[in-house]
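To be precise, the following lines are query_36.txt, and they hold compact mmCIF, C-alpha atoms and all ligand atoms.
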```
# COMPACT_ATOMS: atom_id res chain seq x y z
CA MET A 1 28.08 -48.30 37.57
CA PRO A 2 30.07 -46.05 35.17
CA SER A 3 32.82 -44.02 36.81
CA SER A 4 31.21 -40.70 35.97
CA ASP A 5 27.97 -41.73 37.68
CA ILE A 6 29.87 -42.70 40.80
CA ALA A 7 31.61 -39.34 40.86
CA ASP A 8 28.24 -37.59 40.49
CA ARG A 9 26.73 -39.61 43.30
CA ILE A 10 29.61 -38.82 45.59
CA LYS A 11 29.40 -35.15 44.77
CA ALA A 12 25.68 -35.19 45.56
CA ALA A 13 26.34 -36.97 48.86
CA PHE A 14 28.92 -34.37 49.79
CA ALA A 15 26.10 -31.81 49.96
CA ARG A 16 25.24 -33.44 53.28
CA VAL A 17 28.71 -32.81 54.73
CA GLU A 18 28.92 -29.65 56.79
CA ILE A 19 32.16 -27.76 56.75
CA PRO A 20 33.69 -25.34 59.26
CA GLY A 21 32.42 -21.81 58.77
CA GLY A 22 29.08 -22.95 57.33
CA GLY A 23 28.06 -24.41 54.00
CA ASN A 24 28.55 -27.88 52.61
CA LEU A 25 31.41 -29.75 51.05
CA ALA A 26 29.83 -30.14 47.60
CA GLU A 27 29.85 -26.41 47.08
CA PHE A 28 33.14 -25.75 48.85
CA SER A 29 35.65 -24.13 46.49
CA GLY A 30 38.50 -26.18 47.98
CA LEU A 31 37.01 -29.49 46.85
CA SER A 32 38.95 -30.97 43.94
CA ASP A 33 37.49 -33.00 41.10
CA ILE A 34 36.41 -36.43 42.24
CA ILE A 35 38.48 -38.94 40.35
CA VAL A 36 37.11 -42.43 39.92
CA THR A 37 39.38 -45.07 38.39
CA GLN A 38 39.08 -48.83 38.11
CA GLY A 39 40.61 -49.28 41.52
CA ALA A 40 40.37 -46.03 43.38
CA ILE A 41 38.38 -42.96 44.19
CA ALA A 42 40.27 -39.84 45.11
CA ALA A 43 39.47 -36.30 46.01
CA ALA A 44 41.34 -33.66 47.92
CA ILE A 45 39.97 -30.93 50.13
CA SER A 46 42.25 -27.96 49.91
CA ILE A 47 42.20 -25.91 53.10
CA ALA A 48 44.09 -23.06 54.67
CA PRO A 49 47.10 -24.07 56.73
CA GLY A 50 46.13 -24.70 60.36
CA MET A 51 42.57 -25.80 59.52
CA GLU A 52 43.37 -29.52 59.47
CA ALA A 53 41.80 -30.35 62.85
CA ALA A 54 38.67 -28.33 62.15
CA PHE A 55 38.15 -30.12 58.83
CA GLY A 56 38.90 -33.57 60.25
CA PRO A 57 35.27 -34.59 60.87
CA ALA A 58 34.17 -33.35 57.43
CA ARG A 59 36.92 -35.37 55.78
CA ALA A 60 35.96 -38.49 57.73
CA GLU A 61 32.31 -38.09 56.80
CA ALA A 62 33.22 -37.55 53.13
CA GLN A 63 35.38 -40.66 53.23
CA ARG A 64 32.50 -42.67 54.69
CA LEU A 65 30.01 -41.43 52.10
CA ALA A 66 32.38 -42.15 49.22
CA GLU A 67 33.11 -45.63 50.54
CA ALA A 68 29.38 -46.33 50.58
CA VAL A 69 29.26 -46.11 46.77
CA ALA A 70 32.82 -47.21 46.01
CA GLU A 71 31.96 -50.75 44.85
CA GLY A 72 35.24 -52.11 46.18
CA ARG A 73 37.45 -49.24 45.09
CA LYS A 74 39.93 -47.81 47.52
CA VAL A 75 38.84 -44.38 48.67
CA MET A 76 41.29 -41.58 49.34
CA ILE A 77 39.75 -38.36 50.53
CA SER A 78 42.49 -36.19 51.83
CA LEU A 79 43.06 -32.79 53.30
CA THR A 80 45.78 -30.69 51.82
CA ALA A 81 47.02 -27.29 52.74
CA ASP A 82 47.00 -25.35 49.49
CA LYS A 83 49.58 -25.84 46.79
CA ALA A 84 51.23 -22.49 47.39
CA THR A 85 52.04 -23.60 50.90
CA ALA A 86 53.74 -26.73 49.67
CA THR A 87 55.68 -25.00 46.95
CA HIS A 88 56.94 -22.20 49.12
CA ALA A 89 57.11 -23.94 52.45
CA HIS A 90 60.86 -23.81 52.53
CA ALA A 91 60.81 -20.08 51.96
CA ARG A 92 58.18 -19.34 54.55
CA GLN A 93 58.94 -21.66 57.38
CA PRO A 94 62.06 -21.60 59.45
CA GLY A 95 62.29 -25.39 59.70
CA PRO A 96 61.08 -28.18 57.45
CA PRO A 97 57.67 -29.66 58.31
CA ALA A 98 57.66 -32.79 60.41
CA LYS A 99 58.52 -35.88 58.39
CA GLU A 100 57.04 -39.18 59.24
CA GLN A 101 58.86 -42.45 58.77
CA VAL A 102 57.04 -44.95 56.56
CA PRO A 103 56.39 -48.08 58.60
CA GLY A 104 58.16 -51.15 57.26
CA ILE A 105 60.71 -49.27 55.15
CA LYS A 106 64.21 -48.55 56.41
CA HIS A 107 65.51 -46.30 53.66
CA ILE A 108 63.85 -44.41 50.83
CA ILE A 109 65.91 -43.35 47.84
CA ALA A 110 64.52 -41.03 45.19
CA VAL A 111 65.75 -41.28 41.63
CA ALA A 112 65.54 -37.85 40.06
CA SER A 113 66.52 -36.02 36.90
CA GLY A 114 66.29 -32.49 35.67
CA LYS A 115 64.69 -33.35 32.36
CA GLY A 116 62.71 -36.17 30.88
CA GLY A 117 63.88 -39.07 28.81
CA VAL A 118 67.33 -39.41 30.33
CA GLY A 119 66.68 -42.98 31.46
CA LYS A 120 65.57 -42.34 35.00
CA SER A 121 62.97 -45.10 35.16
CA THR A 122 65.26 -47.60 33.46
CA THR A 123 67.97 -46.74 35.96
CA ALA A 124 65.58 -46.86 38.92
CA VAL A 125 64.39 -50.37 38.06
CA ASN A 126 67.81 -51.80 37.29
CA LEU A 127 69.37 -50.12 40.30
CA ALA A 128 66.63 -51.60 42.48
CA LEU A 129 67.29 -55.04 40.99
CA ALA A 130 71.00 -54.63 41.58
CA LEU A 131 70.37 -53.64 45.20
CA ALA A 132 68.17 -56.72 45.57
CA ALA A 133 70.96 -58.83 44.08
CA ALA A 134 73.25 -57.35 46.72
CA GLY A 135 70.97 -58.83 49.35
CA LEU A 136 68.74 -55.88 50.24
CA ARG A 137 65.00 -56.31 50.45
CA THR A 138 63.98 -53.80 47.81
CA GLY A 139 60.85 -52.18 46.49
CA VAL A 140 60.02 -49.70 43.75
CA LEU A 141 57.45 -46.96 43.85
CA ASP A 142 56.59 -45.31 40.56
CA ALA A 143 55.68 -41.74 41.46
CA ASP A 144 55.64 -40.54 37.87
CA LEU A 145 52.03 -39.58 37.49
CA TYR A 146 52.35 -38.19 34.00
CA GLY A 147 54.39 -40.97 32.44
CA PRO A 148 54.42 -44.02 34.65
CA SER A 149 56.78 -46.60 33.23
CA ILE A 150 57.57 -49.01 36.03
CA PRO A 151 54.66 -51.35 35.13
CA LYS A 152 55.99 -51.70 31.59
CA LEU A 153 59.59 -52.03 32.73
CA LEU A 154 58.74 -54.79 35.18
CA GLY A 155 56.06 -56.39 33.04
CA ILE A 156 53.35 -55.94 35.63
CA GLU A 157 49.75 -55.40 34.69
CA GLY A 158 46.57 -54.22 36.26
CA LYS A 159 45.94 -52.49 39.49
CA PRO A 160 47.39 -53.68 42.76
CA ALA A 161 45.18 -55.83 44.95
CA VAL A 162 43.48 -54.10 47.86
CA ARG A 163 43.26 -56.10 51.07
CA ALA A 164 40.08 -56.25 53.12
CA ASP A 165 41.48 -53.59 55.46
CA GLY A 166 42.02 -51.24 52.53
CA ILE A 167 45.79 -51.66 52.35
CA PHE A 168 47.39 -52.14 48.92
CA ALA A 169 49.24 -55.36 48.26
CA PRO A 170 52.13 -54.43 45.97
CA HIS A 171 52.96 -56.31 42.78
CA GLN A 172 55.89 -58.69 42.93
CA ALA A 173 58.30 -58.81 40.04
CA TYR A 174 61.79 -60.28 39.82
CA GLY A 175 62.03 -60.23 43.60
CA LEU A 176 60.96 -56.59 43.89
CA LYS A 177 57.81 -55.26 45.46
CA ALA A 178 56.41 -52.64 43.14
CA ILE A 179 53.55 -50.23 43.02
CA SER A 180 52.76 -47.51 40.52
CA ILE A 181 50.70 -44.40 40.82
CA GLY A 182 49.91 -44.98 37.15
CA SER A 183 48.05 -48.20 37.79
CA MET A 184 45.49 -46.13 39.65
CA LEU A 185 44.68 -44.09 36.57
CA THR A 186 43.09 -44.77 33.27
CA PRO A 187 45.00 -43.36 30.28
CA GLY A 188 44.60 -39.63 29.93
CA GLN A 189 43.42 -39.15 33.46
CA ALA A 190 46.69 -37.87 34.89
CA VAL A 191 46.07 -34.44 33.44
CA VAL A 192 43.15 -33.85 35.76
CA TRP A 193 45.07 -34.85 38.87
CA ARG A 194 46.12 -31.46 40.05
CA GLY A 195 48.91 -30.78 42.52
CA PRO A 196 47.22 -31.54 45.86
CA MET A 197 45.55 -34.68 44.53
CA ALA A 198 48.74 -36.05 43.14
CA THR A 199 50.61 -35.45 46.35
CA SER A 200 47.94 -37.00 48.52
CA ALA A 201 47.77 -40.03 46.22
CA LEU A 202 51.51 -40.38 46.65
CA ARG A 203 51.21 -40.17 50.40
CA GLN A 204 48.59 -42.88 50.46
CA LEU A 205 50.49 -45.19 48.14
CA LEU A 206 53.55 -44.86 50.33
CA ARG A 207 51.83 -45.28 53.66
CA GLU A 208 48.99 -47.61 52.80
CA THR A 209 50.91 -50.29 51.00
CA ASP A 210 51.92 -53.48 52.72
CA TRP A 211 55.65 -53.25 52.01
CA GLY A 212 56.23 -56.14 54.36
CA GLY A 213 59.64 -54.99 55.54
CA LEU A 214 62.01 -53.36 53.05
CA ASP A 215 65.61 -52.29 53.42
CA VAL A 216 65.30 -49.88 50.52
CA LEU A 217 62.46 -48.37 48.55
CA VAL A 218 63.51 -46.80 45.26
CA VAL A 219 61.14 -44.04 44.16
CA ASP A 220 61.05 -43.18 40.46
CA LEU A 221 60.17 -39.50 40.34
CA PRO A 222 58.76 -37.58 37.41
CA PRO A 223 61.34 -35.42 35.65
CA GLY A 224 61.93 -31.91 36.87
CA THR A 225 61.07 -30.10 40.04
CA GLY A 226 57.31 -30.19 40.53
CA ASP A 227 54.83 -30.88 43.30
CA ILE A 228 55.47 -34.61 43.56
CA GLN A 229 59.18 -34.11 44.10
CA ILE A 230 58.72 -31.39 46.67
CA SER A 231 56.02 -33.19 48.58
CA LEU A 232 57.94 -36.47 48.69
CA CYS A 233 60.95 -34.59 50.04
CA GLN A 234 58.79 -32.92 52.68
CA GLN A 235 56.65 -35.88 53.68
CA VAL A 236 59.17 -38.57 54.40
CA PRO A 237 62.73 -38.72 55.62
CA LEU A 238 64.64 -39.62 52.47
CA ALA A 239 67.99 -41.35 52.68
CA GLY A 240 68.73 -39.20 49.68
CA ALA A 241 68.49 -38.86 45.95
CA VAL A 242 70.31 -40.41 43.03
CA ILE A 243 70.49 -38.11 40.02
CA VAL A 244 70.43 -39.50 36.50
CA SER A 245 71.86 -37.45 33.69
CA THR A 246 73.05 -38.00 30.15
CA PRO A 247 76.51 -36.68 29.35
CA GLN A 248 75.37 -33.73 27.31
CA ASP A 249 75.99 -30.39 28.95
CA LEU A 250 72.40 -29.47 28.41
CA ALA A 251 71.16 -32.39 30.47
CA LEU A 252 73.61 -31.51 33.19
CA ILE A 253 72.31 -27.97 33.32
CA ASP A 254 68.87 -29.45 33.80
CA ALA A 255 70.24 -31.90 36.35
CA LYS A 256 71.65 -28.94 38.21
CA LYS A 257 68.14 -27.52 38.64
CA ALA A 258 66.98 -30.76 40.26
CA ILE A 259 70.09 -30.80 42.41
CA ASP A 260 69.48 -27.22 43.55
CA MET A 261 65.92 -28.09 44.53
CA LEU A 262 67.06 -31.14 46.49
CA ARG A 263 69.68 -29.06 48.27
CA ARG A 264 67.12 -26.46 49.24
CA LEU A 265 64.95 -29.22 50.65
CA GLN A 266 67.97 -30.59 52.51
CA ILE A 267 67.90 -33.95 50.77
CA PRO A 268 71.27 -35.72 50.77
CA LEU A 269 72.69 -36.19 47.28
CA LEU A 270 73.71 -39.83 47.11
CA GLY A 271 75.32 -39.61 43.73
CA LEU A 272 75.16 -39.04 40.01
CA VAL A 273 74.68 -41.71 37.35
CA GLU A 274 75.69 -41.00 33.78
CA ASN A 275 73.26 -42.80 31.49
CA MET A 276 73.65 -43.32 27.75
CA SER A 277 77.23 -42.60 28.53
CA TYR A 278 78.77 -44.10 25.41
CA PHE A 279 77.61 -46.25 22.54
CA VAL A 280 78.79 -49.80 22.03
CA ALA A 281 78.41 -50.98 18.43
CA PRO A 282 76.54 -54.27 18.50
CA ASP A 283 78.54 -55.79 15.65
CA THR A 284 82.09 -54.87 16.61
CA GLY A 285 81.73 -54.17 20.34
CA LYS A 286 83.61 -50.95 19.68
CA ARG A 287 82.92 -48.06 22.01
CA TYR A 288 81.97 -44.58 20.78
CA ASP A 289 81.75 -41.56 23.05
CA ILE A 290 78.99 -40.05 20.99
CA PHE A 291 77.92 -37.45 23.51
CA GLY A 292 81.31 -36.44 24.76
CA HIS A 293 81.29 -38.93 27.57
CA GLY A 294 82.51 -38.10 31.06
CA GLY A 295 80.56 -34.90 31.63
CA ALA A 296 78.73 -36.33 34.59
CA ARG A 297 81.86 -37.44 36.40
CA THR A 298 83.34 -33.95 36.15
CA ALA A 299 80.02 -32.44 37.15
CA ALA A 300 79.71 -34.74 40.16
CA ASP A 301 83.16 -33.70 41.32
CA ARG A 302 82.33 -30.07 40.87
CA LEU A 303 79.03 -30.48 42.72
CA GLY A 304 80.70 -32.36 45.55
CA MET A 305 78.63 -35.51 45.19
CA PRO A 306 79.71 -39.08 44.51
CA PHE A 307 79.91 -40.24 40.91
CA LEU A 308 78.24 -43.64 40.96
CA GLY A 309 79.04 -44.86 37.49
CA GLU A 310 78.03 -44.93 33.88
CA VAL A 311 75.63 -46.96 31.81
CA PRO A 312 76.30 -47.40 28.10
CA LEU A 313 73.77 -46.70 25.40
CA VAL A 314 72.95 -50.18 24.21
CA MET A 315 70.05 -51.67 22.34
CA ALA A 316 69.80 -54.50 24.88
CA ILE A 317 68.80 -52.05 27.59
CA ARG A 318 66.08 -50.51 25.50
CA GLU A 319 64.76 -53.82 24.23
CA THR A 320 64.68 -55.56 27.59
CA SER A 321 63.05 -52.49 29.13
CA ASP A 322 60.35 -52.38 26.49
CA ALA A 323 59.71 -56.09 26.94
CA GLY A 324 59.31 -55.87 30.71
CA MET A 325 62.43 -57.96 31.19
CA PRO A 326 64.96 -55.67 32.85
CA VAL A 327 68.50 -56.51 32.00
CA VAL A 328 69.81 -56.93 35.54
CA ALA A 329 67.25 -59.66 36.18
CA THR A 330 67.16 -61.33 32.79
CA ALA A 331 70.79 -61.11 31.62
CA PRO A 332 72.68 -60.84 34.89
CA GLU A 333 75.98 -61.98 33.36
CA GLY A 334 76.02 -59.33 30.65
CA ASP A 335 78.02 -56.10 30.59
CA GLU A 336 74.87 -54.01 31.02
CA ALA A 337 73.84 -55.79 34.21
CA ARG A 338 77.41 -55.48 35.44
CA ALA A 339 77.27 -51.71 34.93
CA TYR A 340 74.16 -51.43 37.10
CA ARG A 341 75.59 -53.72 39.76
CA ALA A 342 78.73 -51.59 39.86
CA ILE A 343 76.55 -48.53 40.40
CA ALA A 344 74.69 -50.25 43.23
CA ALA A 345 77.97 -51.35 44.79
CA GLU A 346 79.33 -47.82 44.59
CA LEU A 347 76.14 -46.48 46.15
CA LEU A 348 76.43 -48.95 49.03
CA ARG A 349 80.11 -48.08 49.41
CA THR A 350 79.56 -44.32 49.50
CA SER A 351 76.32 -44.57 51.55
CA PRO A 352 77.04 -47.55 53.83
CA GLY A 353 74.09 -46.63 56.04
CA LEU A 354 71.76 -48.11 53.40
CA ARG A 355 72.76 -51.59 54.50
CA GLY A 356 71.79 -50.94 58.10
N1 LIG B 1 71.35 -47.00 28.72
C1 LIG B 1 70.38 -47.07 27.82
N2 LIG B 1 70.61 -47.61 26.60
C2 LIG B 1 69.62 -47.65 25.68
N3 LIG B 1 68.40 -47.19 25.86
C3 LIG B 1 68.12 -46.64 27.04
C4 LIG B 1 69.08 -46.55 28.10
N4 LIG B 1 68.50 -45.96 29.19
C5 LIG B 1 67.24 -45.70 28.82
N5 LIG B 1 67.00 -46.09 27.55
C6 LIG B 1 65.76 -45.93 26.79
O1 LIG B 1 65.47 -44.55 26.71
C7 LIG B 1 64.07 -44.30 26.83
C8 LIG B 1 63.82 -43.37 28.02
O2 LIG B 1 64.19 -44.06 29.21
P1 LIG B 1 63.35 -43.90 30.55
O3 LIG B 1 61.91 -44.10 30.31
O4 LIG B 1 64.00 -44.75 31.57
O5 LIG B 1 63.65 -42.38 30.83
P2 LIG B 1 63.01 -41.41 31.90
O6 LIG B 1 64.06 -40.42 32.24
O7 LIG B 1 62.41 -42.17 33.01
O8 LIG B 1 61.92 -40.75 31.01
P3 LIG B 1 60.64 -39.91 31.48
O9 LIG B 1 61.14 -38.53 31.66
O10 LIG B 1 59.69 -40.05 30.33
O11 LIG B 1 60.15 -40.52 32.77
C9 LIG B 1 63.44 -45.66 26.98
O12 LIG B 1 63.01 -46.08 25.72
C10 LIG B 1 64.56 -46.55 27.46
O13 LIG B 1 64.40 -47.90 27.10
MG MG B 2 60.41 -42.24 33.68
```
Please lay out the structure from this file as structure tokens.
Amino acid sequence: MPSSDIADRIKAAFARVEIPGGGNLAEFSGLSDIIVTQGAIAAAISIAPGMEAAFGPARAEAQRLAEAVAEGRKVMISLTADKATATHAHARQPGPPAKEQVPGIKHIIAVASGKGGVGKSTTAVNLALALAAAGLRTGVLDADLYGPSIPKLLGIEGKPAVRADGIFAPHQAYGLKAISIGSMLTPGQAVVWRGPMATSALRQLLRETDWGGLDVLVVDLPPGTGDIQISLCQQVPLAGAVIVSTPQDLALIDAKKAIDMLRRLQIPLLGLVENMSYFVAPDTGKRYDIFGHGGARTAADRLGMPFLGEVPLVMAIRETSDAGMPVVATAPEGDEARAYRAIAAELLRTSPGLRG
């Protein structure tokens, strides 16, 4: 059945779901769009804070009705307190909301940046590979709804398998377990996933994936300081965040915004990586500090966080990334791989708890 027909059928079925205070779910203003992808069906019911228990039975009934027409897709009907609550929770509440450990994962590291295109995903993947090379059982979660790039970087295709019990089986690539929020969407669909839907999809991907025992999960965040970032910080205890920045002052000003947000959310800052730090000419091997290299090291000092290292701007990194053959895995003896391994080593040195 076409996706749009499934969504219509679910919506019609929701008319049979009673909600607290009278009325039915289909006409409830807090019901999001019903998103149907190749592998998943998702909808969020946005409710006032404190109404979770009252809406529990309605959610369960909606879940059951959606599963009845899901044709094998994984169904995620979730309750969310409204977006304003999430965005301003830190301002309104005296303490952070309860965070729940993700079963099977010891440490979760977010890779963040203030602005887009600084090489966050490339760094996340290669850092994860370098951590794996250091002996840690490592996974990658691509939480970048609007520009997922982990599938391309790791050369993985298609949606993850869903086990009979509804749990996702992550992709395996170069020794990493990997799952991407993007594999749940068809192109162009991300735009209709509004705040609460995106955050509940993230929650389900995190908690309903068979990670099978990881020392570290590296989460590639979207750029900036939006809902996904805030909700990840509030939902799970993060070991901390690694910030990626290019050397330009402008990028560092943007990085500072991300850092300020993480500080407000009381997320430990594990360190700063300077990407596209300098250019190495492929013919002569000569190094050029085209962006005024070193800005990130100074900034890290000033911000009181570890400087983890620098990655040069080299064609090999771009080409291997585009080809789904990340440099740490496919050219481990090269200078580029060495740069990422040095960053991982520095991270493990400055945050020794990650090994435990
Ligand atoms: N050190 C590097 N040398 C050369 N190219 C690089 C380097 N790091 C990243 N790139 C390239 O720069 C582009 C952007 O990188 P990437 O997708 O990792 O950035 P991002 O910060 O995750 O971007 P977005 O904000 O879109 O998520 C990609 O084409 C990537 O291959
Ligand atoms: Mg990215």
Which of A:Met315, A:Gly224, A:Ala132, A:Val111 sits closest to A:Leu238 [using only C-alpha atoms]: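 Smallest separation from A:Leu238 among the options: A:Val111.
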Need to verify the contact set: A:Ala53, 12 Å, all atoms listed in the file, exclusion of same-chain residues closer than 4 positions in sequence. Can you return it as a list in words?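 Selected residues are Ile19, Pro20, Ile47, Ala48, Pro49, Pro57, Ala58, Arg59, Ala60, Leu79, Thr80 and Ala81 of chain A.
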Just write the chosen residues, C-alpha atoms, as a PDB file, keeping the file's coordinate frame.
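Writing the result to again_25.pdb gives the following:
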```pdb
ATOM      1  CA  ILE A  19      32.160 -27.760  56.750  1.00  0.00           C
ATOM      2  CA  PRO A  20      33.690 -25.340  59.260  1.00  0.00           C
ATOM      3  CA  ILE A  47      42.200 -25.910  53.100  1.00  0.00           C
ATOM      4  CA  ALA A  48      44.090 -23.060  54.670  1.00  0.00           C
ATOM      5  CA  PRO A  49      47.100 -24.070  56.730  1.00  0.00           C
ATOM      6  CA  PRO A  57      35.270 -34.590  60.870  1.00  0.00           C
ATOM      7  CA  ALA A  58      34.170 -33.350  57.430  1.00  0.00           C
ATOM      8  CA  ARG A  59      36.920 -35.370  55.780  1.00  0.00           C
ATOM      9  CA  ALA A  60      35.960 -38.490  57.730  1.00  0.00           C
ATOM     10  CA  LEU A  79      43.060 -32.790  53.300  1.00  0.00           C
ATOM     11  CA  THR A  80      45.780 -30.690  51.820  1.00  0.00           C
ATOM     12  CA  ALA A  81      47.020 -27.290  52.740  1.00  0.00           C
TER      13      ALA A  81
END
```
Need the shell around A:Val327: protein/DNA/RNA residues with any atom at most 7 Å away, counting all atoms listed in the file. Skip same-chain ones fewer than 5 positions apart. Format as a ChimeraX atom specification? /A:317,320,332,336-337
Name the closest residue to A:Ala15 among the candidates A:Leu65, A:Leu313, A:Leu145, A:Val118; distances are taken between atoms, counting all atoms listed in the file.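 Result for the nearest residue to A:Ala15: A:Leu65.
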Looking at A:Leu347, A:Cys233, A:Ala323, A:Ile179, which one is nearest to A:Leu127, with distances taken over all atoms listed in the file?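 Checking each of A:Leu347, A:Cys233, A:Ala323, A:Ile179 against A:Leu127, counting all atoms listed in the file, the winner is A:Leu347.
With the cut-off set to 7 Å and only C-alpha atoms and all ligand atoms counted, the residues surrounding ligand MG 2 (chain B) are Gly117, Gly119, Lys120, Ser121, Asp144, Gly147, Pro148, Ser149, Asp220 and Pro222 of chain A.
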Between A:Ala40, A:Val219, A:Val280, A:Val328, smallest distance to A:Pro160 by all atoms listed in the file belongs to A:Ala40
Can you tell me which residues surround A:Leu217 at a distance of at most 10 Å, considering only C-alpha atoms, apart from same-chain residues fewer than 3 positions away, and format the answer as a list in words?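 Listed by chain and then number, they are Ile105, Lys106, His107, Ile108, Ile109, Ala110, Ala128, Leu136, Arg137, Thr138, Gly139, Val140, Leu141, Leu176, Lys177, Ala178, Leu206, Trp211, Leu214, Asp220, Leu238 and Ala239 of chain A.
Atom CA of A:Ile228 sits 7.7 Å away from atom CA of A:Gly195.
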